[in-house]
$ cat input_4.txt   # compact mmCIF, C-alpha atoms and all ligand atoms
# COMPACT_ATOMS: atom_id res chain seq x y z
CA MET U 1 -27.40 10.92 7.64
CA LYS U 2 -26.14 13.72 9.90
CA ARG U 3 -22.83 12.65 11.40
CA ILE U 4 -20.13 10.46 9.88
CA GLY U 5 -16.86 9.07 11.20
CA VAL U 6 -13.55 8.61 9.44
CA LEU U 7 -10.65 6.38 10.43
CA THR U 8 -7.30 5.27 9.04
CA SER U 9 -6.26 1.71 9.82
CA GLY U 10 -3.47 -0.81 9.25
CA GLY U 11 -0.05 0.12 7.83
CA ASP U 12 0.21 3.83 7.11
CA ASN U 13 1.14 5.35 3.75
CA PRO U 14 1.84 8.81 2.40
CA GLY U 15 -1.69 9.46 1.02
CA LEU U 16 -3.68 9.20 4.24
CA ASN U 17 -3.68 12.86 5.27
CA PRO U 18 -4.93 14.20 1.92
CA CYS U 19 -7.66 11.56 2.07
CA ILE U 20 -8.76 12.51 5.61
CA ARG U 21 -8.81 16.15 4.50
CA ALA U 22 -11.03 15.30 1.53
CA VAL U 23 -13.48 13.31 3.66
CA VAL U 24 -13.75 16.10 6.23
CA ARG U 25 -14.12 18.93 3.74
CA MET U 26 -16.59 17.10 1.48
CA GLY U 27 -18.55 16.07 4.57
CA LEU U 28 -18.75 19.68 5.78
CA HIS U 29 -19.64 20.83 2.26
CA LEU U 30 -22.59 18.41 2.26
CA GLY U 31 -23.77 19.65 5.67
CA LEU U 32 -22.52 16.67 7.72
CA GLU U 33 -20.72 16.62 11.03
CA VAL U 34 -17.47 14.66 10.80
CA MET U 35 -15.81 12.79 13.66
CA GLY U 36 -12.14 11.81 13.34
CA ILE U 37 -11.63 8.44 15.04
CA ARG U 38 -8.16 7.98 16.51
CA ARG U 39 -5.93 4.88 16.09
CA GLY U 40 -8.15 3.07 13.59
CA TYR U 41 -10.44 0.33 14.88
CA ALA U 42 -8.72 0.50 18.27
CA GLY U 43 -10.09 4.03 18.73
CA LEU U 44 -13.48 2.85 17.56
CA VAL U 45 -13.53 0.08 20.18
CA ASP U 46 -12.30 2.47 22.90
CA GLY U 47 -14.40 5.48 21.86
CA GLU U 48 -11.55 7.90 21.03
CA MET U 49 -12.64 10.58 18.61
CA ASP U 50 -12.82 14.33 18.01
CA THR U 51 -15.10 16.58 16.00
CA MET U 52 -13.28 17.75 12.87
CA ASP U 53 -13.70 21.12 11.23
CA ALA U 54 -12.13 22.60 8.14
CA ARG U 55 -9.21 23.95 10.20
CA SER U 56 -8.43 20.60 11.82
CA VAL U 57 -7.29 19.36 8.42
CA GLY U 58 -5.58 22.60 7.39
CA GLY U 59 -1.99 22.31 6.14
CA ILE U 60 -1.88 18.50 6.11
CA ILE U 61 -2.17 17.81 2.38
CA GLY U 62 1.60 17.63 1.94
CA HIS U 63 2.33 15.58 5.05
CA GLY U 64 2.95 11.83 5.20
CA GLY U 65 1.59 9.68 8.03
CA THR U 66 -1.92 10.19 9.42
CA ILE U 67 -3.10 12.90 11.82
CA LEU U 68 -5.65 10.39 13.15
CA GLY U 69 -3.04 7.75 13.92
CA THR U 70 -3.42 4.12 12.90
CA ALA U 71 -3.14 0.73 14.53
CA ARG U 72 -3.65 -2.95 13.95
CA CYS U 73 -6.46 -4.03 16.29
CA PRO U 74 -6.72 -7.74 17.19
CA GLU U 75 -9.88 -7.11 19.33
CA PHE U 76 -11.75 -5.93 16.26
CA ARG U 77 -11.23 -9.35 14.62
CA GLU U 78 -13.45 -10.84 17.35
CA VAL U 79 -17.24 -10.42 17.46
CA LYS U 80 -16.93 -8.91 20.96
CA GLY U 81 -14.65 -6.13 19.68
CA ARG U 82 -16.96 -5.35 16.78
CA ARG U 83 -19.96 -5.12 19.09
CA GLU U 84 -18.01 -2.64 21.24
CA ALA U 85 -17.27 -0.66 18.08
CA LEU U 86 -20.98 -0.59 17.22
CA ARG U 87 -21.79 0.61 20.74
CA THR U 88 -19.27 3.45 20.30
CA LEU U 89 -20.78 4.41 16.96
CA ASN U 90 -24.25 4.51 18.52
CA ARG U 91 -23.05 6.37 21.61
CA PHE U 92 -21.53 9.14 19.45
CA GLY U 93 -24.54 9.27 17.13
CA ILE U 94 -22.51 8.35 14.07
CA ASP U 95 -24.66 7.25 11.10
CA GLY U 96 -21.96 6.33 8.57
CA LEU U 97 -18.26 5.46 8.49
CA VAL U 98 -15.43 5.98 6.01
CA VAL U 99 -12.58 3.48 6.41
CA ILE U 100 -9.28 4.35 4.72
CA GLY U 101 -6.90 1.40 4.48
CA GLY U 102 -5.75 -1.82 2.81
CA ASN U 103 -7.14 -5.35 2.73
CA GLY U 104 -7.29 -5.96 6.50
CA SER U 105 -8.91 -2.60 7.16
CA LEU U 106 -11.45 -3.10 4.39
CA ALA U 107 -12.25 -6.56 5.79
CA GLY U 108 -13.10 -4.71 9.04
CA ALA U 109 -15.34 -2.35 7.03
CA GLN U 110 -17.10 -5.35 5.50
CA ALA U 111 -17.63 -6.84 8.98
CA LEU U 112 -19.34 -3.63 10.13
CA TRP U 113 -21.40 -3.54 6.95
CA GLU U 114 -22.50 -7.13 7.61
CA MET U 115 -23.71 -5.86 11.00
CA ASP U 116 -25.84 -3.35 9.03
CA PHE U 117 -23.68 -0.34 9.80
CA PRO U 118 -23.32 1.94 6.72
CA THR U 119 -19.61 1.74 5.93
CA ILE U 120 -17.64 2.68 2.83
CA GLY U 121 -13.95 2.14 2.06
CA VAL U 122 -11.11 3.95 0.34
CA PRO U 123 -8.32 1.60 -0.83
CA SER U 124 -5.09 2.86 0.62
CA THR U 125 -1.94 0.74 0.85
CA ILE U 126 1.48 0.98 -0.73
CA ASP U 127 1.18 -2.73 -1.66
CA ASN U 128 -1.42 -1.99 -4.38
CA ASP U 129 -3.09 -5.33 -3.75
CA VAL U 130 -6.73 -4.32 -3.18
CA ASN U 131 -8.86 -6.13 -5.70
CA GLY U 132 -10.95 -4.12 -8.18
CA THR U 133 -9.05 -0.82 -8.16
CA ASP U 134 -6.24 -0.07 -10.59
CA ILE U 135 -4.29 1.75 -7.91
CA SER U 136 -4.56 2.47 -4.19
CA VAL U 137 -3.75 5.69 -2.37
CA GLY U 138 -0.06 5.83 -1.34
CA VAL U 139 1.37 3.60 -4.07
CA ASP U 140 2.69 6.38 -6.29
CA THR U 141 4.63 8.12 -3.52
CA ALA U 142 6.12 4.85 -2.28
CA LEU U 143 7.15 3.99 -5.84
CA ASN U 144 8.89 7.33 -6.22
CA THR U 145 10.72 6.80 -2.92
CA ILE U 146 11.93 3.38 -4.11
CA LEU U 147 12.91 4.80 -7.47
CA ASP U 148 14.99 7.51 -5.85
CA ALA U 149 16.82 4.79 -3.90
CA ILE U 150 17.35 2.62 -6.98
CA ASP U 151 18.78 5.54 -8.95
CA LYS U 152 21.19 6.35 -6.14
CA ILE U 153 22.23 2.73 -5.63
CA LYS U 154 22.83 2.42 -9.37
CA ASP U 155 25.36 5.27 -9.16
CA THR U 156 27.44 3.50 -6.55
CA ALA U 157 26.88 0.05 -8.11
CA SER U 158 28.23 1.27 -11.46
CA SER U 159 31.23 2.94 -9.85
CA HIS U 160 32.25 -0.30 -8.13
CA ASN U 161 30.97 -2.81 -10.70
CA ARG U 162 28.66 -4.40 -8.17
CA ALA U 163 25.40 -6.29 -8.14
CA PHE U 164 22.81 -5.07 -5.63
CA LEU U 165 19.77 -6.70 -4.11
CA ILE U 166 17.26 -3.99 -3.22
CA GLU U 167 14.45 -5.22 -1.00
CA THR U 168 11.08 -3.43 -1.25
CA MET U 169 7.97 -3.88 0.89
CA GLY U 170 5.22 -6.21 -0.27
CA ARG U 171 4.43 -9.03 2.14
CA ASN U 172 2.00 -10.65 -0.28
CA SER U 173 2.40 -8.50 -3.35
CA GLY U 174 5.16 -7.97 -5.90
CA TYR U 175 3.67 -4.82 -7.42
CA LEU U 176 6.06 -2.33 -5.80
CA ALA U 177 9.09 -4.44 -6.73
CA LEU U 178 7.91 -4.95 -10.29
CA ALA U 179 6.84 -1.38 -11.00
CA SER U 180 9.98 0.10 -9.43
CA GLY U 181 12.08 -2.49 -11.27
CA ILE U 182 10.64 -1.34 -14.59
CA ALA U 183 10.96 2.35 -13.74
CA GLY U 184 14.47 1.86 -12.34
CA GLY U 185 15.77 -0.29 -15.19
CA ALA U 186 16.48 -3.31 -12.97
CA GLU U 187 18.06 -6.43 -14.42
CA MET U 188 15.74 -8.72 -12.48
CA VAL U 189 12.69 -8.62 -10.20
CA LEU U 190 11.79 -11.26 -7.62
CA CYS U 191 8.14 -11.37 -6.52
CA PRO U 192 6.13 -13.57 -4.14
CA GLU U 193 3.81 -14.48 -7.04
CA VAL U 194 6.62 -16.10 -9.07
CA ASP U 195 8.83 -19.00 -8.04
CA THR U 196 12.37 -17.99 -9.05
CA GLN U 197 15.22 -20.32 -8.08
CA PHE U 198 18.69 -19.20 -6.90
CA GLU U 199 20.17 -20.71 -10.05
CA ALA U 200 18.18 -18.34 -12.27
CA VAL U 201 19.53 -15.39 -10.30
CA THR U 202 23.17 -16.49 -10.47
CA ASP U 203 22.80 -17.18 -14.20
CA MET U 204 21.42 -13.69 -14.75
CA ILE U 205 24.19 -12.01 -12.70
CA ASP U 206 26.77 -13.98 -14.64
CA LYS U 207 25.16 -13.00 -17.94
CA ALA U 208 25.04 -9.32 -17.01
CA TYR U 209 28.75 -9.44 -16.16
CA VAL U 210 29.69 -11.17 -19.41
CA LEU U 211 27.59 -8.67 -21.41
CA GLY U 212 29.81 -5.96 -19.96
CA LYS U 213 27.21 -4.24 -17.78
CA SER U 214 28.65 -1.93 -15.14
CA HIS U 215 26.09 -2.94 -12.53
CA CYS U 216 23.33 -5.45 -11.90
CA ILE U 217 20.22 -4.41 -10.00
CA ILE U 218 17.85 -7.03 -8.60
CA VAL U 219 14.69 -5.73 -6.92
CA VAL U 220 13.35 -8.23 -4.39
CA ALA U 221 9.87 -7.97 -2.88
CA GLU U 222 9.80 -8.65 0.86
CA GLY U 223 7.39 -11.56 0.32
CA TRP U 224 9.55 -13.43 -2.21
CA LYS U 225 10.62 -16.80 -0.83
CA PRO U 226 13.16 -17.83 0.36
CA GLY U 227 13.94 -14.14 0.86
CA ALA U 228 16.62 -11.52 0.17
CA GLN U 229 18.80 -12.59 3.12
CA ALA U 230 18.89 -16.26 2.03
CA LEU U 231 19.74 -15.13 -1.50
CA ILE U 232 22.59 -12.86 -0.40
CA ASP U 233 24.01 -15.71 1.72
CA HIS U 234 23.89 -17.98 -1.32
CA LEU U 235 25.49 -15.38 -3.60
CA ARG U 236 28.30 -14.76 -1.11
CA GLU U 237 29.13 -18.47 -1.17
CA ARG U 238 29.48 -18.14 -4.96
CA LYS U 239 31.47 -14.90 -4.88
CA ASP U 240 34.55 -16.28 -6.66
CA THR U 241 32.54 -17.24 -9.76
CA LEU U 242 30.05 -14.39 -10.06
CA GLY U 243 32.09 -11.57 -11.57
CA PHE U 244 30.25 -8.85 -9.64
CA SER U 245 30.57 -8.60 -5.90
CA VAL U 246 27.16 -8.30 -4.27
CA ARG U 247 25.59 -5.95 -1.71
CA VAL U 248 22.09 -5.76 -0.26
CA THR U 249 19.91 -2.78 0.74
CA HIS U 250 16.66 -3.24 2.67
CA LEU U 251 14.56 -0.13 2.07
CA GLY U 252 12.15 -0.91 4.92
CA HIS U 253 9.75 1.63 6.37
CA VAL U 254 11.29 4.58 4.56
CA GLN U 255 8.87 3.50 1.80
CA ARG U 256 5.85 4.30 3.96
CA GLY U 257 6.76 7.90 4.77
CA GLY U 258 7.35 11.19 2.99
CA SER U 259 5.35 13.95 1.42
CA PRO U 260 2.62 12.58 -0.90
CA SER U 261 3.23 13.00 -4.62
CA ALA U 262 0.92 15.21 -6.70
CA PHE U 263 -0.72 12.04 -8.08
CA ASP U 264 -1.42 10.71 -4.58
CA ARG U 265 -2.76 14.02 -3.33
CA ILE U 266 -5.22 14.20 -6.22
CA LEU U 267 -6.17 10.51 -6.05
CA ALA U 268 -6.70 10.68 -2.28
CA THR U 269 -8.79 13.84 -2.68
CA ARG U 270 -10.97 12.32 -5.40
CA LEU U 271 -11.53 8.99 -3.65
CA GLY U 272 -12.07 10.51 -0.20
CA ALA U 273 -14.56 13.07 -1.51
CA ALA U 274 -16.42 10.49 -3.62
CA ALA U 275 -16.62 8.12 -0.63
CA VAL U 276 -18.59 10.71 1.36
CA GLN U 277 -20.89 11.49 -1.58
CA HIS U 278 -21.60 7.78 -2.14
CA LEU U 279 -22.15 7.13 1.56
CA LEU U 280 -24.78 9.85 1.57
CA ASP U 281 -26.32 8.41 -1.61
CA GLY U 282 -26.87 5.07 0.14
CA LYS U 283 -23.95 3.24 -1.48
CA ALA U 284 -22.47 1.82 1.73
CA GLY U 285 -20.93 -1.65 1.44
CA HIS U 286 -18.53 -0.54 -1.30
CA ILE U 287 -15.06 0.83 -1.78
CA VAL U 288 -14.46 3.75 -4.09
CA GLY U 289 -11.75 2.56 -6.46
CA TRP U 290 -9.90 4.15 -9.38
CA VAL U 291 -10.53 2.32 -12.63
CA GLN U 292 -9.44 3.58 -16.04
CA SER U 293 -8.91 7.08 -14.60
CA LYS U 294 -12.38 7.36 -13.06
CA THR U 295 -13.82 6.69 -9.61
CA GLN U 296 -15.73 3.42 -9.45
CA LEU U 297 -17.73 1.59 -6.81
CA ILE U 298 -16.68 -1.99 -6.08
CA THR U 299 -18.44 -4.03 -3.40
CA LEU U 300 -16.43 -4.48 -0.21
CA GLU U 301 -16.97 -8.21 -0.59
CA GLU U 302 -15.31 -8.23 -4.02
CA ALA U 303 -12.52 -5.88 -2.94
CA ILE U 304 -11.39 -8.17 -0.11
CA SER U 305 -12.10 -11.49 -1.87
CA PHE U 306 -8.39 -11.92 -2.73
CA HIS U 307 -5.11 -10.00 -2.84
CA LYS U 308 -4.80 -8.57 -6.33
CA ALA U 309 -1.61 -9.52 -8.15
CA TYR U 310 0.17 -7.33 -10.70
CA SER U 311 -0.82 -7.77 -14.33
CA GLN U 312 1.04 -10.34 -16.39
CA ASP U 313 1.87 -7.85 -19.16
CA LEU U 314 3.84 -5.76 -16.65
CA TRP U 315 5.89 -8.83 -15.75
CA GLU U 316 6.57 -9.60 -19.43
CA LEU U 317 7.56 -5.99 -20.05
CA ALA U 318 10.07 -6.10 -17.18
CA GLU U 319 11.66 -9.23 -18.68
CA ILE U 320 11.87 -7.72 -22.17
CA MET U 321 13.41 -4.49 -20.89
CA ALA U 322 16.07 -6.22 -18.79
CA LYS U 323 18.50 -6.85 -21.64
O1 LIG X 401 1.59 -1.49 4.27
C1 LIG X 401 1.72 -2.85 3.91
C2 LIG X 401 3.07 -3.30 4.26
O2 LIG X 401 3.88 -2.35 3.70
C3 LIG X 401 3.57 -4.67 3.85
O3 LIG X 401 4.10 -4.75 2.58
C4 LIG X 401 4.58 -4.95 4.93
O4 LIG X 401 4.86 -6.29 5.06
C5 LIG X 401 3.89 -4.41 6.11
O5 LIG X 401 3.21 -3.27 5.67
C6 LIG X 401 4.76 -4.15 7.28
O6 LIG X 401 4.06 -3.35 8.19
P1 LIG X 401 4.34 -3.22 9.73
O7 LIG X 401 5.80 -3.09 9.90
O8 LIG X 401 3.59 -1.99 10.10
O9 LIG X 401 3.79 -4.45 10.36
$ encode --input "input_4.txt" --output "structure tokens"
Amino acid sequence: MKRIGVLTSGGDNPGLNPCIRAVVRMGLHLGLEVMGIRRGYAGLVDGEMDTMDARSVGGIIGHGGTILGTARCPEFREVKGRREALRTLNRFGIDGLVVIGGNGSLAGAQALWEMDFPTIGVPSTIDNDVNGTDISVGVDTALNTILDAIDKIKDTASSHNRAFLIETMGRNSGYLALASGIAGGAEMVLCPEVDTQFEAVTDMIDKAYVLGKSHCIIVVAEGWKPGAQALIDHLRERKDTLGFSVRVTHLGHVQRGGSPSAFDRILATRLGAAAVQHLLDGKAGHIVGWVQSKTQLITLEEAISFHKAYSQDLWELAEIMAK
């Protein structure tokens, strides 16, 4: 293997740049040429890439976003798009590919691997729902961003004796809501994995008020049904009986940006570097995950076989702590 490519794909997160840097610098260290593919699979289909050297990744370790850009690429879901991608890889003489991204991006990596192209993945999504790895790149920074918001909202909630719904990202996954709820001392967490009825929420708000709490924080994952907006509408109809008045904050894409935390910089560096080493060692068809504080290979097939849910003990802990 002489020349590898690296791309970032899908929703961005704050650990992508340190990961690109690690892939490039480990690649150069091992005597490889490294091509940075722009705009994820879209750039692969269209043949947009540049040769990377050590300087092209200088100064990026503390920056959120991705210097390569990212995109969602519907063409790549079709066989025709994938064949175009293979043509590009051949045209540029690329012998191996590192894909940095979440479930959709890793499914793309698996598709290339099934077409016999040596591809390896690094799990990277704030949702932390890639199967087989304890944590994905970007999760820690996003959690800290959410936590900062929860702490600030708590200040104003306590001053006004209010209940707050705080909506986090997580289309299919409640991990960010649950973990930030535990770290932020929330009274309740609503996740897509658990069916919680409006009645349970109003009962809890009422209980918090009667217990004499000064605030009531409910962290709602974006994917919880019927959704934060429907819940706030319901709570407003009940405003005369709730005790607390209620406000809602949607954190939105602020969770995807910002300077990566120390944990994310180190995780991204370890996984990105290990991905190149394993690719060279003939371990394509895997992701490099982080399991019990060590890098670990997991087949791409297993990694994308389902969206990982949070662990049940975390859920139980959140319930016990919310007294
Ligand atoms: O990165 C994953 C994710 O954060 C999901 O939780 C969320 O639903 C989605 O990205 C939104 O991404 P976009 O606005 O880029 O479509």
$ closest_residue --input "input_4.txt" --among "U:Gly11, U:Leu297, U:Leu68, U:Val201" --to "U:Leu279" --atoms "only C-alpha atoms"
U:Leu297
$ residues_near_ligand --input "input_4.txt" --ligand "ligand LIG 401 (chain X)" --cutoff "12 Å" --atoms "only C-alpha atoms and all ligand atoms" --output "JSON, numbers by chain"
{"U": [9, 10, 11, 12, 13, 14, 15, 16, 65, 70, 71, 72, 73, 101, 102, 103, 104, 105, 123, 124, 125, 126, 127, 128, 129, 130, 136, 137, 138, 139, 142, 143, 167, 168, 169, 170, 171, 172, 173, 174, 175, 176, 177, 191, 192, 221, 222, 223, 224, 251, 252, 253, 254, 255, 256, 257, 307]}
$ closest_atom_pairs --input "input_4.txt" --of "stretch 230-300 of chain U" --to "stretch 57-61 of chain U" --cutoff "9 Å" --atoms "all atoms listed in the file" --output "CSV"
residue,atom,partner,partner_atom,distance
U:Ser259,CA,U:Ile61,CA,8.5
U:Pro260,CA,U:Ile61,CA,7.8
U:Arg265,CA,U:Ile61,CA,6.9
$ write_last_selection --input "input_4.txt" --atoms "C-alpha atoms" --output "tab-separated table (two decimals), in the coordinates of the input"
chain	number	residue	atom	x	y	z
U	259	SER	CA	5.35	13.95	1.42
U	260	PRO	CA	2.62	12.58	-0.90
U	265	ARG	CA	-2.76	14.02	-3.33
$ residues_around --input "input_4.txt" --residues "U:Arg87" --least-positions-apart "4" --cutoff "9 Å" --atoms "all atoms listed in the file" --output "VMD selection string"
chain U and resid 45 47 82 to 83 91 to 92
$ residues_around --input "input_4.txt" --residues "U:Leu106" --least-positions-apart "5" --cutoff "8 Å" --atoms "all atoms listed in the file" --output "list in words"
Val99, Ile100, Gly101, Gly121, Pro123, Leu300, Ala303 and Ile304 of chain U
$ closest_residue --input "input_4.txt" --among "U:Met321, U:Leu165, U:Ile287, U:Leu280" --to "U:Ala228" --atoms "all atoms listed in the file"
U:Leu165
$ atom_distance --input "input_4.txt" --atom1 "atom CA of U:Ile120" --atom2 "atom CA of U:His286"
5.3 Å
$ closest_residue --input "input_4.txt" --among "U:Ala284, U:Met115, U:Thr88, U:Val194" --to "U:Gln312" --atoms "only C-alpha atoms"
U:Val194
$ closest_residue --input "input_4.txt" --among "U:Val34, U:Leu314, U:Val288, U:Leu86" --to "U:Gly132" --atoms "all atoms listed in the file"
U:Val288
$ closest_residue --input "input_4.txt" --among "U:Glu301, U:Ala109, U:Thr141, U:Arg38" --to "U:Phe76" --atoms "all atoms listed in the file"
U:Ala109
$ build_atoms --input "input_4.txt" --residues "stretch 251-268 of chain U" --atoms "N, CA and C atoms" --output "PDB file, in the frame of the given file"
ATOM      1  N   LEU U 251      15.102  -1.507   2.003  1.00  0.00           N
ATOM      2  CA  LEU U 251      14.560  -0.130   2.070  1.00  0.00           C
ATOM      3  C   LEU U 251      13.636   0.074   3.277  1.00  0.00           C
ATOM      4  N   GLY U 252      12.939  -0.963   3.692  1.00  0.00           N
ATOM      5  CA  GLY U 252      12.150  -0.910   4.920  1.00  0.00           C
ATOM      6  C   GLY U 252      11.104   0.194   4.963  1.00  0.00           C
ATOM      7  N   HIS U 253      10.886   0.723   6.164  1.00  0.00           N
ATOM      8  CA  HIS U 253       9.750   1.630   6.370  1.00  0.00           C
ATOM      9  C   HIS U 253       9.940   3.016   5.785  1.00  0.00           C
ATOM     10  N   VAL U 254      11.113   3.298   5.259  1.00  0.00           N
ATOM     11  CA  VAL U 254      11.290   4.580   4.560  1.00  0.00           C
ATOM     12  C   VAL U 254      10.257   4.682   3.422  1.00  0.00           C
ATOM     13  N   GLN U 255       9.833   3.528   2.909  1.00  0.00           N
ATOM     14  CA  GLN U 255       8.870   3.500   1.800  1.00  0.00           C
ATOM     15  C   GLN U 255       7.473   3.961   2.224  1.00  0.00           C
ATOM     16  N   ARG U 256       7.204   3.955   3.505  1.00  0.00           N
ATOM     17  CA  ARG U 256       5.850   4.300   3.960  1.00  0.00           C
ATOM     18  C   ARG U 256       5.707   5.780   4.312  1.00  0.00           C
ATOM     19  N   GLY U 257       6.842   6.508   4.359  1.00  0.00           N
ATOM     20  CA  GLY U 257       6.760   7.900   4.770  1.00  0.00           C
ATOM     21  C   GLY U 257       6.954   8.870   3.629  1.00  0.00           C
ATOM     22  N   GLY U 258       7.037  10.148   3.985  1.00  0.00           N
ATOM     23  CA  GLY U 258       7.350  11.190   2.990  1.00  0.00           C
ATOM     24  C   GLY U 258       6.124  11.966   2.552  1.00  0.00           C
ATOM     25  N   SER U 259       6.417  13.079   1.913  1.00  0.00           N
ATOM     26  CA  SER U 259       5.350  13.950   1.420  1.00  0.00           C
ATOM     27  C   SER U 259       4.655  13.284   0.230  1.00  0.00           C
ATOM     28  N   PRO U 260       3.308  13.230   0.227  1.00  0.00           N
ATOM     29  CA  PRO U 260       2.620  12.580  -0.900  1.00  0.00           C
ATOM     30  C   PRO U 260       2.891  13.267  -2.238  1.00  0.00           C
ATOM     31  N   SER U 261       3.024  12.465  -3.268  1.00  0.00           N
ATOM     32  CA  SER U 261       3.230  13.000  -4.620  1.00  0.00           C
ATOM     33  C   SER U 261       1.966  13.738  -5.078  1.00  0.00           C
ATOM     34  N   ALA U 262       2.094  14.504  -6.149  1.00  0.00           N
ATOM     35  CA  ALA U 262       0.920  15.210  -6.700  1.00  0.00           C
ATOM     36  C   ALA U 262      -0.161  14.192  -7.060  1.00  0.00           C
ATOM     37  N   PHE U 263       0.247  13.072  -7.683  1.00  0.00           N
ATOM     38  CA  PHE U 263      -0.720  12.040  -8.080  1.00  0.00           C
ATOM     39  C   PHE U 263      -1.481  11.535  -6.855  1.00  0.00           C
ATOM     40  N   ASP U 264      -0.747  11.229  -5.777  1.00  0.00           N
ATOM     41  CA  ASP U 264      -1.420  10.710  -4.580  1.00  0.00           C
ATOM     42  C   ASP U 264      -2.330  11.739  -3.933  1.00  0.00           C
ATOM     43  N   ARG U 265      -1.908  12.989  -3.940  1.00  0.00           N
ATOM     44  CA  ARG U 265      -2.760  14.020  -3.330  1.00  0.00           C
ATOM     45  C   ARG U 265      -4.086  14.123  -4.092  1.00  0.00           C
ATOM     46  N   ILE U 266      -3.997  14.065  -5.414  1.00  0.00           N
ATOM     47  CA  ILE U 266      -5.220  14.200  -6.220  1.00  0.00           C
ATOM     48  C   ILE U 266      -6.077  12.940  -6.101  1.00  0.00           C
ATOM     49  N   LEU U 267      -5.421  11.769  -6.180  1.00  0.00           N
ATOM     50  CA  LEU U 267      -6.170  10.510  -6.050  1.00  0.00           C
ATOM     51  C   LEU U 267      -6.881  10.436  -4.694  1.00  0.00           C
ATOM     52  N   ALA U 268      -6.124  10.741  -3.636  1.00  0.00           N
ATOM     53  CA  ALA U 268      -6.700  10.680  -2.280  1.00  0.00           C
ATOM     54  C   ALA U 268      -7.866  11.656  -2.155  1.00  0.00           C
TER      55      ALA U 268
END
